[in-house]
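K.L.:
Just one file: run21.txt, with compact mmCIF, C-alpha atoms.
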# COMPACT_ATOMS: atom_id res chain seq x y z
CA MET A 160 68.30 -32.19 6.74
CA ALA A 161 67.14 -29.36 4.50
CA LYS A 162 69.27 -26.28 4.31
CA ARG A 163 68.17 -23.59 6.76
CA MET A 164 67.18 -20.31 5.22
CA ALA A 165 65.86 -16.91 6.11
CA VAL A 166 62.09 -16.65 6.01
CA SER A 167 60.61 -13.61 4.31
CA PRO A 168 57.30 -12.13 5.43
CA PRO A 169 54.30 -12.75 3.20
CA ALA A 170 54.67 -11.05 -0.16
CA GLY A 171 51.52 -8.96 0.39
CA ALA A 172 53.25 -7.13 3.23
CA PHE A 173 55.34 -5.18 0.73
CA ALA A 174 52.45 -3.65 -1.22
CA GLY A 175 51.59 -0.78 1.11
CA THR A 176 55.11 0.62 1.45
CA ALA A 177 55.84 0.13 -2.23
CA ARG A 178 52.94 2.32 -3.31
CA ARG A 179 54.35 5.23 -1.32
CA SER A 180 57.64 5.18 -3.26
CA VAL A 181 58.52 7.17 -6.37
CA SER A 182 57.63 4.83 -9.21
CA PRO A 183 60.98 4.73 -11.10
CA LEU A 184 62.94 4.27 -7.88
CA LYS A 185 60.80 1.29 -6.87
CA TRP A 186 62.69 -0.74 -9.44
CA LEU A 187 65.83 -0.32 -7.32
CA ARG A 188 64.29 -1.86 -4.20
CA PRO A 189 65.99 -4.92 -2.67
CA GLY A 190 64.81 -8.14 -4.23
CA MET A 191 64.14 -6.79 -7.73
CA ARG A 192 67.60 -7.88 -8.97
CA LEU A 193 67.97 -4.80 -11.14
CA LYS A 194 70.84 -2.97 -9.42
CA ARG A 195 73.27 -5.74 -10.27
CA TRP A 196 72.39 -5.43 -13.94
CA LEU A 197 72.74 -1.65 -13.86
CA LEU A 198 76.19 -2.06 -12.32
CA LEU A 199 77.04 -4.69 -14.90
CA ALA A 200 75.89 -2.31 -17.65
CA ALA A 201 78.16 0.42 -16.23
CA ALA A 202 81.03 -2.06 -16.18
CA GLY A 203 80.23 -2.95 -19.77
CA VAL A 204 80.40 0.72 -20.79
CA SER A 205 83.78 1.00 -19.06
CA VAL A 206 85.08 -2.07 -20.87
CA ALA A 207 83.78 -0.69 -24.17
CA LEU A 208 85.59 2.63 -23.59
CA VAL A 209 88.81 0.75 -22.85
CA GLY A 210 88.28 -1.15 -26.09
CA VAL A 211 87.84 2.10 -28.02
CA ALA A 212 91.02 3.46 -26.44
CA LEU A 213 92.84 0.31 -27.45
CA VAL A 214 91.64 0.67 -31.03
CA GLY A 215 92.94 4.27 -30.95
CA ARG A 216 96.36 2.99 -29.82
CA GLY A 217 96.09 5.00 -26.62
CA ARG A 218 96.02 8.35 -28.35
CA PRO A 219 94.15 11.10 -26.44
CA MET A 220 90.47 11.12 -27.36
CA ASP A 221 88.05 13.79 -26.26
CA ALA A 222 84.84 11.97 -25.37
CA LEU A 223 83.16 15.32 -24.72
CA SER A 224 84.24 17.01 -27.93
CA LEU A 225 80.71 17.67 -29.15
CA ALA A 226 79.69 19.08 -25.78
CA ASN A 227 82.82 21.26 -25.69
CA ARG A 228 82.01 22.62 -29.14
CA ALA A 229 78.51 23.50 -27.98
CA VAL A 230 79.90 25.35 -24.96
CA ARG A 231 82.41 27.28 -27.09
CA TRP A 232 79.61 28.20 -29.53
CA ALA A 233 77.55 29.49 -26.59
CA ASP A 234 80.56 31.49 -25.32
CA VAL A 235 80.87 33.21 -28.72
CA HIS A 236 77.23 34.27 -28.70
CA TRP A 237 77.16 35.14 -24.99
CA PRO A 238 80.60 36.66 -24.25
CA GLY A 239 81.88 36.09 -20.75
CA LEU A 240 80.02 32.82 -20.24
CA LEU A 241 83.17 30.84 -19.54
CA SER A 242 85.17 33.66 -17.94
CA ALA A 243 82.57 34.08 -15.17
CA GLN A 244 83.47 31.12 -12.98
CA ALA A 245 80.36 31.24 -10.79
CA THR A 246 78.07 31.47 -13.80
CA ALA A 247 79.80 28.56 -15.52
CA THR A 248 79.77 26.39 -12.37
CA TRP A 249 76.16 27.00 -11.39
CA GLY A 250 74.97 26.91 -14.98
CA GLY A 251 76.70 23.56 -15.45
CA LEU A 252 75.16 22.14 -12.29
CA VAL A 253 71.71 23.29 -13.36
CA LEU A 254 72.09 21.77 -16.81
CA ALA A 255 73.40 18.51 -15.30
CA ALA A 256 70.43 18.41 -12.92
CA VAL A 257 68.02 19.09 -15.78
CA GLY A 258 69.60 16.27 -17.78
CA VAL A 259 69.28 13.82 -14.90
CA ALA A 260 65.67 14.92 -14.34
CA VAL A 261 64.86 14.35 -17.99
CA VAL A 262 66.38 10.86 -17.81
CA VAL A 263 64.39 10.00 -14.67
CA PHE A 264 61.22 11.48 -16.19
CA SER A 265 61.71 9.48 -19.38
CA VAL A 266 62.46 6.25 -17.56
CA GLY A 267 59.38 6.76 -15.37
CA HIS A 268 57.12 7.18 -18.38
CA LEU A 269 58.82 4.24 -20.09
CA LEU A 270 57.95 2.08 -17.08
CA ARG A 271 54.38 3.40 -17.15
CA SER A 272 54.09 2.41 -20.80
CA ILE A 273 55.42 -1.07 -20.03
CA ALA A 274 53.01 -1.41 -17.09
CA ALA A 275 50.06 -0.28 -19.21
CA ALA A 276 50.94 -2.80 -21.91
CA ILE A 277 51.32 -5.72 -19.49
CA THR A 278 48.58 -4.89 -16.97
CA PRO A 279 45.86 -2.88 -18.76
CA GLY A 280 43.90 -0.80 -16.31
CA GLY A 281 46.51 -1.22 -13.59
CA THR A 282 48.81 1.47 -12.21
CA PRO A 283 52.61 1.40 -12.55
CA GLY A 284 52.81 1.00 -8.78
CA GLU A 285 50.66 -2.12 -8.93
CA PHE A 286 52.80 -3.48 -11.76
CA VAL A 287 56.02 -2.93 -9.79
CA ASP A 288 54.40 -4.40 -6.67
CA ALA A 289 53.46 -7.49 -8.67
CA ALA A 290 56.96 -7.76 -10.11
CA LEU A 291 58.51 -7.39 -6.66
CA ARG A 292 56.11 -9.93 -5.17
CA ALA A 293 56.83 -12.41 -7.96
CA ARG A 294 60.57 -11.96 -7.46
CA ILE A 295 60.35 -12.49 -3.70
CA LEU A 296 58.13 -15.55 -4.05
CA SER A 297 60.41 -17.05 -6.70
CA GLN A 298 63.19 -17.06 -4.11
CA GLY A 299 61.03 -18.84 -1.54
CA PRO A 300 61.68 -22.37 -0.26
CA ARG A 301 60.89 -25.43 -2.37
CA MET A 302 57.72 -26.99 -1.00
CA VAL A 303 55.81 -30.18 -1.76
CA VAL A 304 52.30 -30.69 -0.33
CA LEU A 305 50.60 -34.10 -0.54
CA GLY A 306 46.94 -34.75 0.07
CA GLY A 307 43.46 -34.29 -1.29
CA GLY A 308 40.05 -32.88 -0.50
CA THR A 309 39.54 -29.44 1.01
CA GLY A 310 42.43 -29.86 3.46
CA LEU A 311 45.07 -29.67 0.75
CA SER A 312 43.65 -26.52 -0.86
CA THR A 313 43.43 -24.90 2.59
CA MET A 314 47.13 -25.55 3.19
CA LEU A 315 48.10 -24.15 -0.20
CA ARG A 316 46.36 -20.83 0.45
CA GLY A 317 48.69 -20.25 3.37
CA LEU A 318 51.93 -21.43 1.81
CA LYS A 319 51.54 -19.44 -1.42
CA GLN A 320 52.08 -16.26 0.60
CA TYR A 321 55.69 -17.35 1.18
CA SER A 322 56.78 -19.08 -2.01
CA SER A 323 55.84 -19.81 -5.59
CA ASN A 324 58.07 -22.90 -5.60
CA ILE A 325 55.19 -25.15 -4.56
CA VAL A 326 54.28 -28.55 -5.97
CA ALA A 327 50.87 -29.86 -4.91
CA VAL A 328 50.55 -33.63 -5.27
CA VAL A 329 46.89 -34.60 -5.41
CA THR A 330 45.24 -37.96 -4.84
CA VAL A 331 43.20 -39.25 -7.81
CA THR A 332 40.80 -41.63 -6.08
CA ASP A 333 37.77 -39.32 -5.82
CA ASP A 334 34.76 -41.10 -7.35
CA GLY A 335 31.88 -38.92 -6.19
CA GLY A 336 29.98 -35.93 -7.52
CA SER A 337 31.08 -34.13 -10.65
CA SER A 338 34.52 -35.78 -10.62
CA GLY A 339 33.04 -39.25 -10.48
CA LYS A 340 30.65 -38.53 -13.36
CA LEU A 341 33.41 -37.20 -15.60
CA GLN A 342 35.66 -40.10 -14.68
CA ARG A 343 33.03 -42.63 -15.69
CA GLN A 344 31.74 -40.80 -18.78
CA LEU A 345 35.04 -39.58 -20.27
CA ASN A 346 37.53 -42.02 -18.75
CA ILE A 347 39.68 -39.23 -17.32
CA LEU A 348 41.22 -38.84 -13.89
CA PRO A 349 38.92 -37.11 -11.37
CA PRO A 350 39.54 -33.36 -11.71
CA GLY A 351 37.76 -32.04 -8.61
CA ASP A 352 40.58 -31.99 -6.05
CA ILE A 353 43.01 -30.79 -8.70
CA ARG A 354 40.63 -27.94 -9.57
CA ASN A 355 40.45 -26.88 -5.92
CA CYS A 356 44.25 -26.80 -5.68
CA LEU A 357 44.57 -24.77 -8.87
CA VAL A 358 42.11 -22.23 -7.51
CA ALA A 359 43.92 -22.13 -4.15
CA LEU A 360 47.24 -21.38 -5.88
CA ALA A 361 45.80 -18.79 -8.27
CA ASP A 362 47.75 -15.52 -8.10
CA SER A 363 44.52 -13.58 -7.60
CA GLU A 364 41.41 -15.36 -6.39
CA GLY A 365 38.91 -13.13 -8.21
CA THR A 366 36.33 -13.56 -10.92
CA MET A 367 38.23 -16.28 -12.77
CA THR A 368 38.53 -18.48 -9.69
CA GLU A 369 34.87 -17.84 -8.86
CA LEU A 370 34.07 -19.04 -12.36
CA PHE A 371 36.15 -22.19 -11.88
CA GLN A 372 34.26 -23.03 -8.68
CA HIS A 373 30.82 -22.29 -10.13
CA ARG A 374 28.58 -25.34 -9.96
CA PHE A 375 25.42 -25.82 -12.04
CA ARG A 376 22.69 -26.56 -9.52
CA GLY A 377 18.93 -26.83 -9.48
CA GLU A 378 16.26 -28.93 -11.09
CA SER A 379 16.06 -26.46 -13.98
CA ARG A 380 19.53 -27.47 -15.13
CA ALA A 381 19.88 -30.04 -17.86
CA GLU A 382 20.88 -33.48 -16.59
CA GLY A 383 24.16 -33.26 -18.48
CA LEU A 384 25.29 -30.13 -16.59
CA ARG A 385 23.63 -30.60 -13.22
CA ASP A 386 26.08 -30.62 -10.26
CA HIS A 387 29.12 -30.17 -12.51
CA ALA A 388 31.70 -27.53 -11.57
CA PHE A 389 32.76 -25.33 -14.47
CA GLY A 390 36.43 -25.90 -13.67
CA ASN A 391 35.98 -29.67 -13.93
CA LEU A 392 34.38 -29.26 -17.36
CA LEU A 393 37.23 -27.00 -18.50
CA ILE A 394 39.88 -29.48 -17.40
CA ALA A 395 37.95 -32.24 -19.17
CA ALA A 396 37.76 -30.13 -22.35
CA LEU A 397 41.47 -29.32 -22.24
CA CYS A 398 42.21 -33.01 -21.73
CA ASP A 399 40.26 -33.76 -24.90
CA ILE A 400 42.04 -30.97 -26.77
CA SER A 401 45.39 -32.35 -25.55
CA GLY A 402 44.65 -35.78 -27.00
CA GLY A 403 43.77 -37.35 -23.67
CA ASP A 404 46.89 -36.03 -21.91
CA PHE A 405 45.53 -35.22 -18.46
CA GLU A 406 48.83 -33.83 -17.20
CA GLU A 407 48.97 -31.39 -20.13
CA ALA A 408 45.36 -30.38 -19.45
CA VAL A 409 46.27 -29.48 -15.85
CA ARG A 410 49.31 -27.56 -17.09
CA ARG A 411 47.16 -25.51 -19.49
CA THR A 412 44.63 -24.81 -16.77
CA SER A 413 47.47 -23.61 -14.54
CA THR A 414 48.37 -21.08 -17.22
CA VAL A 415 44.78 -19.83 -17.42
CA LEU A 416 44.74 -19.17 -13.66
CA ASN A 417 48.35 -17.94 -13.48
CA ILE A 418 48.99 -20.09 -10.40
CA ARG A 419 51.90 -19.81 -8.00
CA GLY A 420 53.44 -23.24 -8.24
CA GLN A 421 52.49 -26.51 -9.87
CA VAL A 422 49.71 -29.05 -9.40
CA LEU A 423 50.32 -32.71 -10.26
CA PRO A 424 48.27 -35.90 -9.88
CA SER A 425 50.05 -38.44 -7.70
CA THR A 426 49.74 -40.99 -10.54
CA LEU A 427 48.30 -41.11 -14.03
CA SER A 428 46.93 -44.61 -13.42
CA HIS A 429 43.19 -45.02 -12.94
CA VAL A 430 42.93 -46.35 -9.39
CA ARG A 431 40.16 -46.99 -6.90
CA LEU A 432 40.38 -47.17 -3.14
CA CYS A 433 39.68 -50.49 -1.43
CA ALA A 434 39.16 -50.72 2.33
CA ASP A 435 39.27 -53.71 4.65
CA MET A 436 36.69 -52.93 7.33
CA GLU A 437 36.57 -54.00 10.95
CA ASP A 438 33.95 -56.71 10.28
CA GLY A 439 36.11 -58.32 7.59
CA SER A 440 34.17 -56.88 4.64
CA VAL A 441 35.79 -55.02 1.74
CA VAL A 442 34.40 -51.68 0.56
CA GLU A 443 35.43 -50.19 -2.78
CA GLY A 444 35.37 -46.54 -3.76
CA GLU A 445 36.33 -43.43 -1.81
CA THR A 446 32.74 -42.25 -1.41
CA SER A 447 31.50 -45.62 -0.16
CA ILE A 448 34.39 -45.86 2.31
CA ALA A 449 33.75 -42.37 3.66
CA ASP A 450 30.01 -43.09 4.02
CA SER A 451 30.45 -46.44 5.73
CA PRO A 452 29.75 -46.48 9.49
CA LEU A 453 32.30 -49.27 9.90
CA ARG A 454 35.84 -48.61 11.08
CA VAL A 455 38.61 -48.90 8.49
CA ARG A 456 41.39 -51.36 9.17
CA ARG A 457 43.46 -50.99 6.05
CA ILE A 458 43.40 -49.10 2.74
CA SER A 459 44.81 -50.28 -0.59
CA LEU A 460 44.74 -49.25 -4.26
CA SER A 461 43.00 -51.29 -6.93
CA ASP A 462 46.27 -51.16 -8.88
CA PRO A 463 49.16 -51.76 -6.43
CA GLU A 464 51.64 -51.18 -9.28
CA ALA A 465 50.47 -47.60 -9.91
CA GLU A 466 53.58 -45.42 -10.18
CA ALA A 467 54.16 -41.78 -9.34
CA LEU A 468 55.06 -39.22 -11.96
CA THR A 469 58.78 -38.54 -12.29
CA GLU A 470 58.05 -34.85 -11.62
CA VAL A 471 56.51 -35.81 -8.27
CA THR A 472 59.42 -37.89 -7.00
CA SER A 473 61.95 -35.34 -8.26
CA ALA A 474 60.12 -32.53 -6.49
CA ILE A 475 60.12 -34.50 -3.21
CA LEU A 476 63.85 -35.17 -3.47
CA ASP A 477 64.60 -31.50 -4.21
CA ALA A 478 62.25 -30.04 -1.58
CA ASP A 479 63.17 -28.02 1.48
CA VAL A 480 59.94 -29.04 3.20
CA VAL A 481 57.29 -31.67 2.48
CA VAL A 482 53.82 -31.25 3.99
CA ILE A 483 51.47 -34.22 4.26
CA GLY A 484 47.84 -33.26 4.87
CA PRO A 485 45.66 -32.00 6.35
CA GLY A 486 42.83 -34.24 5.22
CA SER A 487 41.07 -37.53 5.79
CA VAL A 488 43.84 -39.86 6.81
CA TYR A 489 42.46 -42.93 5.00
CA THR A 490 40.91 -41.34 1.92
CA SER A 491 43.09 -38.27 1.27
CA VAL A 492 46.49 -38.74 2.92
CA ILE A 493 47.37 -42.44 2.77
CA PRO A 494 46.30 -42.98 -0.90
CA ASN A 495 49.22 -40.81 -2.05
CA LEU A 496 51.60 -42.84 0.12
CA LEU A 497 50.47 -46.07 -1.57
CA VAL A 498 51.66 -44.92 -5.00
CA ARG A 499 54.96 -46.55 -5.92
CA GLY A 500 57.87 -44.15 -5.75
CA ILE A 501 56.37 -41.63 -3.33
CA PRO A 502 57.20 -43.28 0.02
CA GLU A 503 60.65 -44.19 -1.29
CA ALA A 504 61.28 -40.58 -2.31
CA LEU A 505 60.01 -39.31 1.04
CA ASN A 506 62.33 -41.65 2.90
CA ARG A 507 65.33 -40.50 0.85
CA SER A 508 64.48 -36.81 0.88
CA ARG A 509 66.50 -34.54 3.16
CA ALA A 510 63.57 -32.14 3.46
CA ARG A 511 61.75 -31.46 6.68
CA LYS A 512 58.68 -33.70 6.50
CA VAL A 513 55.58 -32.54 8.34
CA TYR A 514 52.28 -34.32 8.89
CA ILE A 515 49.30 -32.11 9.77
CA CYS A 516 46.85 -34.00 11.90
CA ASN A 517 43.11 -33.43 11.57
CA VAL A 518 41.32 -31.25 14.10
CA MET A 519 38.15 -33.35 14.37
CA THR A 520 37.58 -37.09 14.02
CA GLN A 521 35.50 -38.47 11.15
CA PRO A 522 32.60 -40.82 11.83
CA GLY A 523 33.45 -44.39 10.84
CA GLU A 524 36.84 -43.51 9.42
CA THR A 525 38.63 -42.28 12.56
CA ASN A 526 36.24 -42.78 15.49
CA ASN A 527 37.89 -41.76 18.79
CA PHE A 528 41.29 -41.26 17.10
CA ALA A 529 43.88 -39.22 18.97
CA ALA A 530 46.66 -37.48 17.04
CA SER A 531 48.99 -40.42 17.62
CA ASP A 532 46.40 -42.82 16.12
CA HIS A 533 46.50 -40.85 12.87
CA VAL A 534 50.27 -41.26 12.79
CA LYS A 535 49.95 -44.98 13.56
CA ALA A 536 47.56 -45.36 10.61
CA ILE A 537 50.22 -43.90 8.32
CA GLU A 538 52.91 -46.13 9.82
CA ALA A 539 50.73 -49.21 9.23
CA HIS A 540 50.61 -48.49 5.49
CA VAL A 541 54.17 -47.33 4.82
CA ARG A 542 57.20 -49.48 5.54
CA ARG A 543 59.70 -46.62 5.63
CA PRO A 544 59.61 -43.51 7.85
CA VAL A 545 58.08 -40.61 5.88
CA VAL A 546 57.43 -38.02 8.62
CA ASP A 547 59.66 -36.04 11.01
CA TYR A 548 57.23 -33.57 12.56
CA VAL A 549 53.54 -33.75 13.54
CA ILE A 550 51.47 -30.58 13.79
CA ALA A 551 48.74 -31.10 16.39
CA ASN A 552 46.09 -28.55 17.28
CA THR A 553 45.68 -27.77 20.98
CA ALA A 554 43.01 -25.05 20.70
CA VAL A 555 39.48 -25.96 21.79
CA PRO A 556 36.52 -24.77 19.67
CA SER A 557 33.43 -23.27 21.23
CA LEU A 558 31.00 -25.53 23.07
CA GLU A 559 28.34 -24.82 20.45
CA LEU A 560 30.57 -26.11 17.66
CA LEU A 561 31.67 -29.14 19.69
CA ASP A 562 28.02 -30.03 20.33
CA LYS A 563 27.23 -29.63 16.66
CA TYR A 564 30.03 -32.02 15.69
CA ARG A 565 29.19 -34.46 18.48
CA ARG A 566 25.67 -34.84 17.11
CA SER A 567 27.17 -36.03 13.80
CA GLY A 568 29.53 -38.43 15.56
CA ALA A 569 32.73 -36.34 15.45
CA VAL A 570 34.83 -35.21 18.41
CA LEU A 571 37.94 -33.12 18.93
CA VAL A 572 41.18 -34.98 18.17
CA GLU A 573 43.23 -35.29 21.34
CA PRO A 574 46.72 -33.76 20.83
CA ASP A 575 48.61 -36.50 22.73
CA CYS A 576 52.03 -35.02 22.05
CA ASP A 577 53.80 -37.21 24.64
CA ARG A 578 52.81 -40.36 22.75
CA ILE A 579 53.84 -38.80 19.45
CA ARG A 580 57.22 -37.92 20.94
CA ALA A 581 57.58 -41.46 22.32
CA MET A 582 56.97 -42.80 18.80
CA GLY A 583 60.05 -40.93 17.60
CA TYR A 584 58.42 -37.86 16.04
CA ARG A 585 58.67 -34.21 16.97
CA PRO A 586 55.26 -32.75 17.80
CA ILE A 587 54.49 -29.11 17.01
CA PRO A 588 51.51 -28.25 19.24
CA GLY A 589 49.68 -24.96 18.88
CA SER A 590 46.45 -23.15 18.06
CA TYR A 591 45.87 -23.84 14.37
CA ILE A 592 42.13 -23.49 13.89
CA SER A 593 39.71 -20.85 12.70
CA GLN A 594 36.09 -21.00 13.80
CA THR A 595 33.09 -19.99 11.72
CA ASP A 596 30.17 -22.37 11.40
CA VAL A 597 32.72 -25.19 11.10
CA VAL A 598 36.09 -26.01 12.64
CA ARG A 599 38.91 -25.85 10.13
CA HIS A 600 42.62 -25.33 10.03
CA ASP A 601 43.71 -21.73 9.66
CA PRO A 602 45.96 -21.63 6.56
CA GLY A 603 47.95 -18.64 7.81
CA ARG A 604 48.79 -20.23 11.17
CA LEU A 605 49.74 -23.52 9.57
CA ALA A 606 51.99 -21.78 7.06
CA GLU A 607 53.71 -19.79 9.82
CA ALA A 608 54.40 -22.99 11.79
CA ILE A 609 55.89 -24.68 8.72
CA MET A 610 58.01 -21.66 7.79
CA ARG A 611 59.46 -21.55 11.31
CA LEU A 612 61.00 -24.96 10.65
CA LEU A 613 63.11 -23.39 7.90
CA VAL A 614 64.56 -20.58 10.02
Represent the structure contained in this file as structure tokens.

P.N.:
Amino acid sequence: MAKRMAVSPPAGAFAGTARRSVSPLKWLRPGMRLKRWLLLAAAGVSVALVGVALVGRGRPMDALSLANRAVRWADVHWPGLLSAQATATWGGLVLAAVGVAVVVFSVGHLLRSIAAAITPGGTPGEFVDAALRARILSQGPRMVVLGGGTGLSTMLRGLKQYSSNIVAVVTVTDDGGSSGKLQRQLNILPPGDIRNCLVALADSEGTMTELFQHRFRGESRAEGLRDHAFGNLLIAALCDISGGDFEEAVRRTSTVLNIRGQVLPSTLSHVRLCADMEDGSVVEGETSIADSPLRVRRISLSDPEAEALTEVTSAILDADVVVIGPGSVYTSVIPNLLVRGIPEALNRSRARKVYICNVMTQPGETNNFAASDHVKAIEAHVRRPVVDYVIANTAVPSLELLDKYRRSGAVLVEPDCDRIRAMGYRPIPGSYISQTDVVRHDPGRLAEAIMRLLV
């Protein structure tokens, strides 16, 4: 099993108290890893002085000779300076205090200059807060999250508050909308789900992330731009600049957004989803499968030999926790588990492996599915065990929302934890939803549940 570790509160919790501190002293706060270097520097000075003494063959050396000369010069010009013990003592303490104050003042302004150079327009406190937050997150647990669609990006928004050691593994079977157009026109992997994950992991979801999510809509738009997301176009452009290297394009985009973690496609092979339906027919393409009213029996990839990236399998083997989902079980979750190397790595990994079950069923795809049925669907496609825990929502949305979903053919997923336990898994029931005009997982609650496994 993964090594147990202490769980830190979300990094944002430190900002308020940090701003009330004296700026230079904030660098000495726990977690900054500066005190050890200051102590090491002091030890280095001590070693250097011993070296100087050794060079001098141990002969007495007055390290304060210049200061002593200055004091004697002052005593000549102001007779009685040294003979008056109280004057000498208090005068020395005042001068020592002034010297320390000058050092602190200088260091403070040095830090302000560094902050102004690195974060123009920001305050030194904000710069130190950011440095402290980055340091804390860099010491967070190693996490791998597998999935696709909006579910994966939702999960990432919660986990990034606890760690920057996150690897998001994204399915590459999306063939609809902007992603599908770019895939067909430019022969690149679909960038849409990857874009959403990059935005979710962005250090600050501000103007830049809003730009990435901007979509050109309306009849007034030229046909070439209509319905495309700007972020998809940027990834496509960077792929072209990188000589067709999609992985490098994603890496460059990650730098633009300054993300906390890493986003990787599950495979670099161009694959399509194929579904065997309940009437014996075969439906190809993720969009067609999701739109079909027929129940899915089995999912497969058009290229069964598609292999996972080495970085993906290595991250799974090194992880402290692996999260699968949330998302459409047949079109977002299972496709990643069909890529060669991923289920094998999951089976070998000593990480805690968690599957997050959907809150609502999906018409056609998971009609009348309970939580245990989602787990059975995964079992039917993967020969080796890949999950230890199952997060199942037990909260009930409002009647208005339930009626709204029922009219579209979706119902609340039953959290049948007893069946899940009987199947050999450990259920983690709880209230994991947030309610607006839709029912979705709450990223903060999910992240808290996952972090509790590491305590």

K.L.:
Nearest to Gly583 (chain A): which of A:Tyr548, A:Ala554, A:Arg566, A:Gly308 is it, counting all atoms listed in the file?

P.N.:
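Among the listed residues, the smallest separation from Gly583 (chain A) belongs to A:Tyr548.
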
K.L.:
To one decimal place, how far is CA of Ser312 (chain A) from CA of Asp362 (chain A) in Å?

P.N.:
13.8 Å

K.L.:
Taking into account only C-alpha atoms, which residue in the set A:Ser567, A:Gln594, A:Ser459, A:Asn495 is nearest to Val518 (chain A)?

P.N.:
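Nearest candidate to Val518 (chain A) out of A:Ser567, A:Gln594, A:Ser459, A:Asn495: A:Gln594.
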
K.L.:
Given the point (45.0, -39.5, -6.7) in the file's coordinates, find the residues that have an atom at most 7 Å from it, counting only C-alpha atoms, and give them as a list in words.

P.N.:
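Using only C-alpha atoms, the matching residues come out as Val329, Thr330, Val331, Thr332, Pro424, Ser425, Thr426, Pro494 and Asn495 of chain A.
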
K.L.:
Tell me, as a PyMOL selection string, which residues lie within 10 Å of Gly500 (chain A), counting all atoms listed in the file; anything in the same chain fewer than 6 positions away does not count.

P.N.:
chain A and resi 425-426+465-469+471-472

K.L.:
Can you tell me how far CA of Asp333 (chain A) sits from CA of Ile448 (chain A), in Å to one decimal?

P.N.:
11.0 Å

K.L.:
With distances taken over only C-alpha atoms, which of A:Thr595, A:Arg565, A:Met582, A:Gly335 is nearest to Asn527 (chain A)?

P.N.:
A:Arg565

K.L.:
Which residue gives the smallest distance to Leu612 (chain A) among A:Ala569, A:Lys319, A:Pro300, A:Ile592, with only C-alpha atoms counted?

P.N.:
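Checking each candidate against Leu612 (chain A), we get A:Pro300 as the closest.
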
K.L.:
As an exercise, work out the distance from CA of Gly484 (chain A) to CA of Arg374 (chain A) in Å and give it to one decimal place.

P.N.:
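The value is 25.6 Å.
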
K.L.:
For Leu505 (chain A), which residue out of A:Val541, A:Leu384, A:Ala608, A:Val492 is the nearest one, using all atoms listed in the file?

P.N.:
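Ranking A:Val541, A:Leu384, A:Ala608, A:Val492 by distance to Leu505 (chain A), first place goes to A:Val541.
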
K.L.:
When you count only C-alpha atoms, which of these residues is closest to Thr553 (chain A): A:Pro586, A:Gly258, A:Gly402, A:Pro349?

P.N.:
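Of all the options, A:Pro586 lies closest to Thr553 (chain A).
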
K.L.:
What's around Val304 (chain A) at 9 Å? Count only C-alpha atoms, leave out sequence neighbours fewer than 5 positions away in its own chain, and write the answer as a list in words.

P.N.:
Leu311, Met314, Leu315, Ile325, Val326, Ala327, Val328, Val329, Val480, Val481, Val482, Ile483 and Gly484 of chain A
